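Novice: To start, I am sharing the structure in question, which I have written as structure tokens.
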Amino acid sequence: MAAKEWRKKKLFKITYQKVLFILLFTLIAFFAIMEDFILLKPNVLFGLTENIMEIGLMALPMTLIIITGGIDLSVGTTMALSAVVTGAVYGATQNIAFALFCGISTGILCGVLNGLIISKTKVAPLVTTLATMSLYLGIAKIIAGTKIFSDFPDGFTFLQTNKLFGVVPYQFVLFIVLFIGFALFLSKSTLGRYVRGIGFNEEAVKYSGVKIAKIKFFLYVTTGLICSIASIVYLSRLPAAKPDIGVNLNLQTITAVVLGGTSIMGGVGSMSGTFLGVLILGVLRKGLQLIGLGGNVYSFVLGIVLVICLIGFSFVESRHKKVL
Amino acid sequence: MNNTQHVLNKKSISKKIVTRENALGLIVLIFFAILFIFTNFKTPSGITSYLKEVAYLLMAATALTLIIITGNIDISAGTLVGLCGYAAAYFAKMGMPFYVYIPIAIVTGIIFAGINGIIVTKFKVPSLVTTLAMVNIHLGIFILLPSGGWVEGMQNNFTDLGSKVFFGFIPLIFILSLIIFIATMYYMKYSRFIKKVYAVGGNSKASVLIGVNPKSIVLKTFLLEGALLGLASIFFYTTKNIVQANSAFGMEMMFITAVVVGGTSIMGGSGKLIGTAFGVMLLALITRSMIFFGLQDYYSYAVQGVIIIAAVLLTHMDFSKVKRNRELRAANKAAADLGMGGKK
């Protein structure tokens with residue numbers, strides 16, 4: 001009896017995730033009504049995710065990093081650097097497999113540098129990645145100069161036109177697969193437990209015999225790897241590699257994660273929240289485009305939504321604390 | 001007694017000289033020397049353009065030093081400078097004199113920084129994400145502004161401030177910036193408010209126990225930051241004919257870099273303004289030196305990144321091990337001299 005009542009209470013308890021879920025559907029309904037239900041066509045509805053998936057992919061490891069209490073500002077420029085390297089190597093050798101290999105190794109190396117500095121020294125992640133952000137941007141600019149690498153083989157750009165069953169973009173499928181992987185990692189694996197533990201209380205985890213430096217290093221290298229995968233997705237969708245493609249993506253990736261209810265102070269957060277955050281970003285962007293507003297109106301609305309969500313999040317959290 | 005006193009004094013003097021701020025100052029000095037010897041940096045125009053860059057960076061970095069000492073951060077500083085500059089330029093274009101548009105820039109800064117401060121303190125949202133959201137909102141405001149946030153063809157009442165130069169090479173805005181900086185530094189040394197700021201940044205919970213209200217201190221710091229950013233916007237935009245609000249977007253990273261290179265801990269509670277000043281000088285020198293060594297502009301990003309890493313690693317380096325070894329060796333030597341046989 002008690003358990004049943006408790007379960008019922010839990011079902012109707014206001015959590016941040018439920019609010020986010022409702023927000024997502026309200027936004028979809030709003031934009032659908034505004035524009036003659038164009039948005040509800042499966043083609044358009046899944047097309048929402050098409051342009052946002054680089055952010056989505058990079059948001060997954062970013063969630064882990066933010067849960068540990070760190071942050072990575074260099075994701076966008078890592079992606080740009082690995083895209084530029086891929087383009088430059090393909091331009092020089094005309095060998096796409098080798099070019100992709102170089103691009104992915106670049107991403108991993110960027111992650112290794114971040115991870116080494118953050119795990120081996122006491123320099124704060126914010127400062128480290130602030131420095132590497134401009135470092136990677138600079139290297140990309142030195143490699144590319146004023147050139148734009150847009151020469152890629154025919155098969156490479158298949159994300160532009162091909163879709164699963166003609167509706168679902170393949171990058172969304174990739175995102176879902178990686179999302180499931182990361183979600184299982186965070187909630188089911190021992191390492192995922194440690195990641196959350198580091199965010200809650202780093203000292204306590206350290207004294208229980210966990211090698212924190214190794215875990216942090218691993219997380220930043222994973223981020224580098226995922227960034228290079230995101231760069232491939234980007235190039236396949238839009239084959240033009242230039243250094244400044246990733247400049248705005250840092251903040252947008254963090255926005256998606258934070259919108260999903262991951263606390264920037266560490267310890268609190270979930271992959272499903274990030275998933276919802278990414279989708280809200282996509283709906284806002286596409287919806288505003290459909291109404292005929294784009295560009296900076298999108299960032300304005302996004303900013304307002306983010307502020308409201310953050311205030312709501314702290315409100316819901318403080319209520320829970322009072323109940324407890 | 002007298003002897004120990006002497007030793008203690010000697011130790012404290014050496015401690016005072018070998019600080020990370022002075023180490024950074026030395027690096028800046030070496031940089032200056034290299035530029036003076038190998039390039040034509042020493043021409044009046046070279047120095048003037050350098051000092052103009054230092055002027056606005058110094059103000060903005062001072063503002064961010066205060067914020068970072070409280071343990072917060074402001075990513076929206078760049079776009080906020082843009083907003084203040086636009087407000088000032090809008091009124092200057094209508095023919096208002098400087099004693100009208102400078103206060104307008106300062107008030108704009110205070111209002112928008114105040115919004116940040118209220119969200120951070122009243123709603124307990126971490127400052128990193130609050131100001132992240134604010135960057136987006138400011139960028140949206142730029143588009144909603146008349147003519148997309150551009151004010152073209154600024155008149156003399158605005159540009160005179162930026163172009164006035166004393167003794168052939170010292171710009172007026174640099175002198176103003178330096179006066180405000182020194183005033184702030186003096187204030188930081190002696191005011192009670194700043195002691196509270198350090199207390200809140202060092203340990204917020206402990207500061208409550210000694211009777212400090214962290215919320216009000218953080219809010220006041222944000223307001224002060226807004227005022228300083230308003231001044232920075234004046235120093236930045238009066239050197240230009242066209243005021244373009246979004247041209248300041250992205251500068252926040254440079255401000256934060258200057259503060260961090262200057263040795264202020266990003267976790268809050270420690271840091272000195274003099275270090276920030278050296279950080280600003282170093283950063284401005286890097287961008288200048290790219291030009292004087294004839295390298296393309298895009299090299300400066302990479303060099304900037306490397307120098308931040310190097311500077312931060314140097315300031316974070318743990319010298320205690322080296323020092324302990326040296327002391328141990330000295331003790332061994334002393335023991336050997338006395339014929340007691342030192343331990344290895």
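By convention here, the chains of the structure tokens are called A, B, ... in the order presented, each chain's residues are numbered starting at 1, and ligands are numbered starting at 1 in the order presented.
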Please report as an MDAnalysis selection string which residues of chain A come no farther than 10 Å from chain B, using only C-alpha atoms.

Specialist: chainID A and resid 117 121:142 145:146 247:248 251:252 254:255 258:259 263:265 295:308 310:315 318

Novice: Could you pull the residues within 9 Å of Arg237 of chain A, counting only C-alpha atoms, minus those fewer than 6 positions along the same chain, as a PyMOL selection string?

Specialist: chain A and resi 50-51+157-161

Novice: With N, CA and C atoms retained, could you export that selection as a JSON list (two decimals), in the first residue's frame?

Specialist:
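Written output follows (out.json):
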[["chain", "number", "residue", "atom", "x", "y", "z"],
["A", 50, "GLU", "N", 18.78, 17.40, -38.38],
["A", 50, "GLU", "CA", 19.84, 17.30, -39.38],
["A", 50, "GLU", "C", 21.02, 18.24, -39.08],
["A", 51, "ASN", "N", 20.69, 19.50, -38.77],
["A", 51, "ASN", "CA", 21.75, 20.51, -38.65],
["A", 51, "ASN", "C", 22.35, 20.60, -37.26],
["A", 157, "THR", "N", 30.02, 12.57, -49.43],
["A", 157, "THR", "CA", 28.96, 13.52, -49.06],
["A", 157, "THR", "C", 27.59, 12.85, -49.03],
["A", 158, "PHE", "N", 27.55, 11.59, -48.59],
["A", 158, "PHE", "CA", 26.27, 10.89, -48.72],
["A", 158, "PHE", "C", 25.24, 11.34, -47.69],
["A", 159, "LEU", "N", 25.67, 12.03, -46.63],
["A", 159, "LEU", "CA", 24.70, 12.51, -45.64],
["A", 159, "LEU", "C", 23.86, 13.66, -46.19],
["A", 160, "GLN", "N", 24.35, 14.29, -47.26],
["A", 160, "GLN", "CA", 23.61, 15.40, -47.84],
["A", 160, "GLN", "C", 22.25, 14.95, -48.36],
["A", 161, "THR", "N", 22.22, 13.78, -49.01],
["A", 161, "THR", "CA", 21.00, 13.38, -49.70],
["A", 161, "THR", "C", 20.36, 12.14, -49.10]]

Novice: Rank nothing, just name the residue among A:Pro169, A:Gly111, A:Gly155, A:Pro239 nearest to Leu48 of chain A, using only C-alpha atoms.

Specialist: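 The answer is A:Pro169, which sits nearest to Leu48 of chain A.
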
Novice: Compare A:Ala204, A:Ile22, A:Leu174, A:Val210 by their minimum atom-to-atom distance to Thr49 of chain A, counting only C-alpha atoms, and give me the closest one.

Specialist: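 Smallest separation from Thr49 of chain A among the options: A:Leu174.
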
Novice: Would you kindly return, as number ranges by chain, each protein, DNA or RNA residue with an atom no farther than 6 Å from any atom of segment 217-233 of chain A, considering only C-alpha atoms and excluding same-chain residues fewer than 5 positions away?

Specialist: A: 54, 58, 61, 79, 82-83, 104, 107-108, 110-112, 115, 119

Novice: Nearest to Thr65 of chain B among B:Met188, B:Leu231, B:Val100, B:Ala336, with distances taken over only C-alpha atoms: which residue is it?

Specialist: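 The shortest atom-to-atom distance to Thr65 of chain B comes from B:Met188.
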
Novice: Which residues are near Gly266 of chain A? Cut-off 6 Å, only C-alpha atoms, ignore same chain within fewer than 6 positions. Put them as a list of chain:residue names.

Specialist: A:Ile66, A:Ile67, A:Thr68, A:Gly69, A:Gly199

Novice: Can I get the selected residues back with N, CA, C and O atoms, as a compact mmCIF listing (two decimals), in the first residue's frame?

Specialist:
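And here's out_26.txt as it stands now:
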# COMPACT_ATOMS: atom_id res chain seq x y z
N ILE A 66 31.10 17.72 -17.66
CA ILE A 66 30.46 18.69 -16.77
C ILE A 66 30.01 17.99 -15.49
O ILE A 66 30.06 18.58 -14.41
N ILE A 67 29.62 16.70 -15.59
CA ILE A 67 29.23 15.98 -14.37
C ILE A 67 30.43 15.82 -13.44
O ILE A 67 30.29 15.88 -12.22
N THR A 68 31.64 15.69 -13.99
CA THR A 68 32.81 15.61 -13.10
C THR A 68 33.18 16.98 -12.52
O THR A 68 34.12 17.07 -11.74
N GLY A 69 32.47 18.02 -12.94
CA GLY A 69 32.79 19.35 -12.43
C GLY A 69 33.77 20.10 -13.31
O GLY A 69 34.17 21.20 -12.98
N GLY A 199 32.26 14.32 -9.39
CA GLY A 199 31.53 15.58 -9.36
C GLY A 199 31.01 15.92 -7.98
O GLY A 199 31.02 17.07 -7.56

Novice: Using only C-alpha atoms, which residues sit within 7 Å of segment 76-87 of chain B once same-chain residues fewer than 6 positions away are excluded, as a tab-separated table (two decimals) with all heavy atoms, in the first residue's frame?

Specialist:
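Resulting contents of out-v8.tsv:
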chain	number	residue	atom	x	y	z
B	104	ILE	N	26.22	57.42	-19.67
B	104	ILE	CA	25.23	56.51	-20.26
B	104	ILE	C	25.84	55.12	-20.47
B	104	ILE	O	25.22	54.09	-20.16
B	104	ILE	CB	24.69	57.09	-21.59
B	104	ILE	CG1	23.65	58.16	-21.25
B	104	ILE	CG2	24.06	56.00	-22.45
B	104	ILE	CD1	23.19	58.95	-22.42
B	105	ALA	N	27.09	55.08	-20.96
B	105	ALA	CA	27.75	53.78	-21.13
B	105	ALA	C	27.90	53.07	-19.79
B	105	ALA	O	27.64	51.87	-19.68
B	105	ALA	CB	29.13	53.98	-21.77
B	108	THR	N	24.50	51.79	-18.60
B	108	THR	CA	24.12	50.60	-19.36
B	108	THR	C	24.84	49.38	-18.83
B	108	THR	O	24.24	48.32	-18.63
B	108	THR	CB	24.48	50.79	-20.85
B	108	THR	OG1	24.06	52.08	-21.27
B	108	THR	CG2	23.83	49.72	-21.71
B	109	GLY	N	26.14	49.54	-18.59
B	109	GLY	CA	26.92	48.43	-18.06
B	109	GLY	C	26.39	47.97	-16.72
B	109	GLY	O	26.24	46.78	-16.47
B	131	THR	N	25.79	33.73	-17.49
B	131	THR	CA	26.36	34.66	-18.46
B	131	THR	C	26.43	34.01	-19.84
B	131	THR	O	26.41	34.71	-20.85
B	131	THR	CB	27.75	35.12	-18.01
B	131	THR	OG1	28.54	33.98	-17.71
B	131	THR	CG2	27.67	35.99	-16.80
B	132	LEU	N	26.48	32.68	-19.87
B	132	LEU	CA	26.41	31.97	-21.15
B	132	LEU	C	25.08	32.28	-21.83
B	132	LEU	O	25.02	32.58	-23.03
B	132	LEU	CB	26.54	30.47	-20.89
B	132	LEU	CG	26.49	29.54	-22.07
B	132	LEU	CD1	27.71	29.76	-22.92
B	132	LEU	CD2	26.44	28.11	-21.60
B	134	MET	N	23.30	34.88	-21.21
B	134	MET	CA	23.28	36.31	-21.49
B	134	MET	C	24.00	36.64	-22.80
B	134	MET	O	23.61	37.58	-23.49
B	134	MET	CB	23.92	37.08	-20.34
B	134	MET	CG	23.00	37.28	-19.18
B	134	MET	SD	21.55	38.19	-19.67
B	134	MET	CE	20.45	37.70	-18.38
B	135	VAL	N	25.04	35.87	-23.13
B	135	VAL	CA	25.72	36.10	-24.40
B	135	VAL	C	24.71	35.98	-25.53
B	135	VAL	O	24.62	36.84	-26.42
B	135	VAL	CB	26.85	35.07	-24.62
B	135	VAL	CG1	27.40	35.16	-26.02
B	135	VAL	CG2	27.97	35.30	-23.64
B	138	HIS	N	22.29	38.97	-25.48
B	138	HIS	CA	22.91	40.19	-26.00
B	138	HIS	C	23.03	40.14	-27.51
B	138	HIS	O	22.75	41.12	-28.19
B	138	HIS	CB	24.31	40.37	-25.38
B	138	HIS	CG	24.28	40.67	-23.92
B	138	HIS	ND1	25.41	40.67	-23.14
B	138	HIS	CD2	23.26	41.00	-23.09
B	138	HIS	CE1	25.08	40.97	-21.90
B	138	HIS	NE2	23.79	41.16	-21.84
B	149	GLY	N	22.71	47.34	-34.88
B	149	GLY	CA	23.77	47.55	-33.92
B	149	GLY	C	24.98	48.28	-34.49
B	149	GLY	O	26.07	48.17	-33.97
B	229	LEU	N	33.22	47.97	-17.15
B	229	LEU	CA	33.07	47.55	-18.54
B	229	LEU	C	32.52	48.68	-19.39
B	229	LEU	O	32.89	48.82	-20.57
B	229	LEU	CB	32.15	46.33	-18.64
B	229	LEU	CG	32.75	45.01	-18.18
B	229	LEU	CD1	31.73	43.89	-18.34
B	229	LEU	CD2	34.00	44.67	-18.97
B	230	GLY	N	31.65	49.52	-18.80
B	230	GLY	CA	31.16	50.68	-19.52
B	230	GLY	C	32.32	51.60	-19.91
B	230	GLY	O	32.41	52.05	-21.05
B	232	ALA	N	35.42	50.63	-20.24
B	232	ALA	CA	36.22	49.92	-21.23
B	232	ALA	C	35.63	50.11	-22.61
B	232	ALA	O	36.35	50.28	-23.60
B	232	ALA	CB	36.28	48.43	-20.88
B	233	SER	N	34.28	50.11	-22.69
B	233	SER	CA	33.65	50.27	-24.01
B	233	SER	C	33.96	51.64	-24.58
B	233	SER	O	34.19	51.78	-25.78
B	233	SER	CB	32.15	50.06	-23.90
B	233	SER	OG	31.53	51.20	-23.37
B	234	ILE	N	33.98	52.67	-23.71
B	234	ILE	CA	34.33	54.01	-24.19
B	234	ILE	C	35.75	53.99	-24.76
B	234	ILE	O	36.02	54.49	-25.85
B	234	ILE	CB	34.24	55.03	-23.04
B	234	ILE	CG1	32.79	55.17	-22.57
B	234	ILE	CG2	34.79	56.38	-23.47
B	234	ILE	CD1	31.91	55.88	-23.53
B	237	TYR	N	35.75	51.96	-28.19
B	237	TYR	CA	35.05	52.43	-29.38
B	237	TYR	C	35.41	53.84	-29.80
B	237	TYR	O	35.19	54.21	-30.94
B	237	TYR	CB	33.54	52.31	-29.18
B	237	TYR	CG	33.04	50.91	-29.35
B	237	TYR	CD1	32.58	50.17	-28.28
B	237	TYR	CD2	33.06	50.30	-30.60
B	237	TYR	CE1	32.15	48.87	-28.43
B	237	TYR	CE2	32.63	49.01	-30.77
B	237	TYR	CZ	32.17	48.29	-29.68
B	237	TYR	OH	31.76	47.02	-29.85
B	243	VAL	N	30.97	52.41	-34.96
B	243	VAL	CA	30.74	51.61	-33.77
B	243	VAL	C	29.87	50.42	-34.16
B	243	VAL	O	28.74	50.59	-34.62
B	243	VAL	CB	30.06	52.44	-32.67
B	243	VAL	CG1	29.65	51.54	-31.52
B	243	VAL	CG2	31.00	53.50	-32.18
B	245	ALA	N	28.36	47.00	-32.70
B	245	ALA	CA	28.17	46.41	-31.37
B	245	ALA	C	28.75	45.00	-31.28
B	245	ALA	O	29.34	44.64	-30.28
B	245	ALA	CB	26.69	46.40	-31.02
B	246	ASN	N	28.59	44.19	-32.35
B	246	ASN	CA	29.02	42.80	-32.20
B	246	ASN	C	30.51	42.60	-32.46
B	246	ASN	O	31.00	41.48	-32.46
B	246	ASN	CB	28.19	41.86	-33.08
B	246	ASN	CG	28.25	42.24	-34.53
B	246	ASN	OD1	29.00	43.14	-34.90
B	246	ASN	ND2	27.47	41.58	-35.36
B	247	SER	N	31.25	43.70	-32.69
B	247	SER	CA	32.69	43.51	-32.90
B	247	SER	C	33.39	43.16	-31.60
B	247	SER	O	34.53	42.70	-31.60
B	247	SER	CB	33.32	44.77	-33.50
B	247	SER	OG	33.28	45.81	-32.57
B	248	ALA	N	32.70	43.37	-30.46
B	248	ALA	CA	33.32	43.04	-29.18
B	248	ALA	C	33.03	41.60	-28.78
B	248	ALA	O	33.56	41.12	-27.79
B	248	ALA	CB	32.82	43.98	-28.10
B	249	PHE	N	32.21	40.90	-29.56
B	249	PHE	CA	31.88	39.50	-29.23
B	249	PHE	C	33.12	38.64	-29.40
B	249	PHE	O	33.78	38.70	-30.43
B	249	PHE	CB	30.75	39.02	-30.15
B	249	PHE	CG	30.42	37.57	-29.99
B	249	PHE	CD1	30.26	37.01	-28.74
B	249	PHE	CD2	30.27	36.76	-31.10
B	249	PHE	CE1	29.95	35.68	-28.60
B	249	PHE	CE2	29.96	35.42	-30.97
B	249	PHE	CZ	29.80	34.88	-29.71
B	250	GLY	N	33.44	37.88	-28.37
B	250	GLY	CA	34.64	37.05	-28.43
B	250	GLY	C	35.80	37.64	-27.64
B	250	GLY	O	36.75	36.95	-27.33
B	251	MET	N	35.70	38.94	-27.31
B	251	MET	CA	36.80	39.56	-26.55
B	251	MET	C	36.83	39.09	-25.12
B	251	MET	O	37.85	39.20	-24.45
B	251	MET	CB	36.66	41.08	-26.58
B	251	MET	CG	37.13	41.65	-27.88
B	251	MET	SD	37.40	43.43	-27.91
B	251	MET	CE	36.34	44.09	-26.71
B	252	GLU	N	35.68	38.54	-24.63
B	252	GLU	CA	35.63	38.11	-23.24
B	252	GLU	C	36.71	37.06	-22.96
B	252	GLU	O	37.30	37.03	-21.88
B	252	GLU	CB	34.25	37.56	-22.89
B	252	GLU	CG	33.80	36.33	-23.64
B	252	GLU	CD	33.17	36.66	-24.97
B	252	GLU	OE1	33.07	37.84	-25.30
B	252	GLU	OE2	32.79	35.72	-25.70

Novice: Can you pull out every residue within 10 Å of Ser150 of chain A, counting only C-alpha atoms, but drop anything in the same chain fewer than 6 positions away, and send it as a PyMOL selection string?

Specialist: chain A and resi 84+87-88+91+235+238-242

Novice: Which polymer residues have any atom within 12 Å of an atom of Phe172 of chain A, counting only C-alpha atoms, with same-chain residues fewer than 3 positions away left out, as a ChimeraX atom specification?

Specialist: /A:45-57,159,163-164,167-169,175-179,230,233,275,278-279,282

Novice: Can you list, as a list in words, every residue of segment 42-218 of chain A that DSSP puts in strand (DSSP E)?

Specialist: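 Matching residues, listed in order: Lys163, Leu164, Val168 and Pro169 of chain A.
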
Novice: Would you export the selected residues with C-alpha atoms as a PDB file, in the first residue's frame, please?

Specialist:
ATOM      1  CA  LYS A 163      18.274   9.238 -45.328  1.00  0.00           C
ATOM      2  CA  LEU A 164      17.181   6.087 -43.529  1.00  0.00           C
ATOM      3  CA  VAL A 168      15.489   9.848 -40.739  1.00  0.00           C
ATOM      4  CA  PRO A 169      18.908  11.456 -41.237  1.00  0.00           C
TER       5      PRO A 169
END

Novice: Enumerate, as an NGL selection string, the complete set of residues in segment 111-342 of chain B that a backbone-based DSSP assignment places in alpha helix (DSSP H).

Specialist: :B and (111-122 or 127-144 or 156-163 or 172-190 or 192-202 or 204-209 or 214-237 or 251-261 or 273-292 or 299-316 or 320-337)
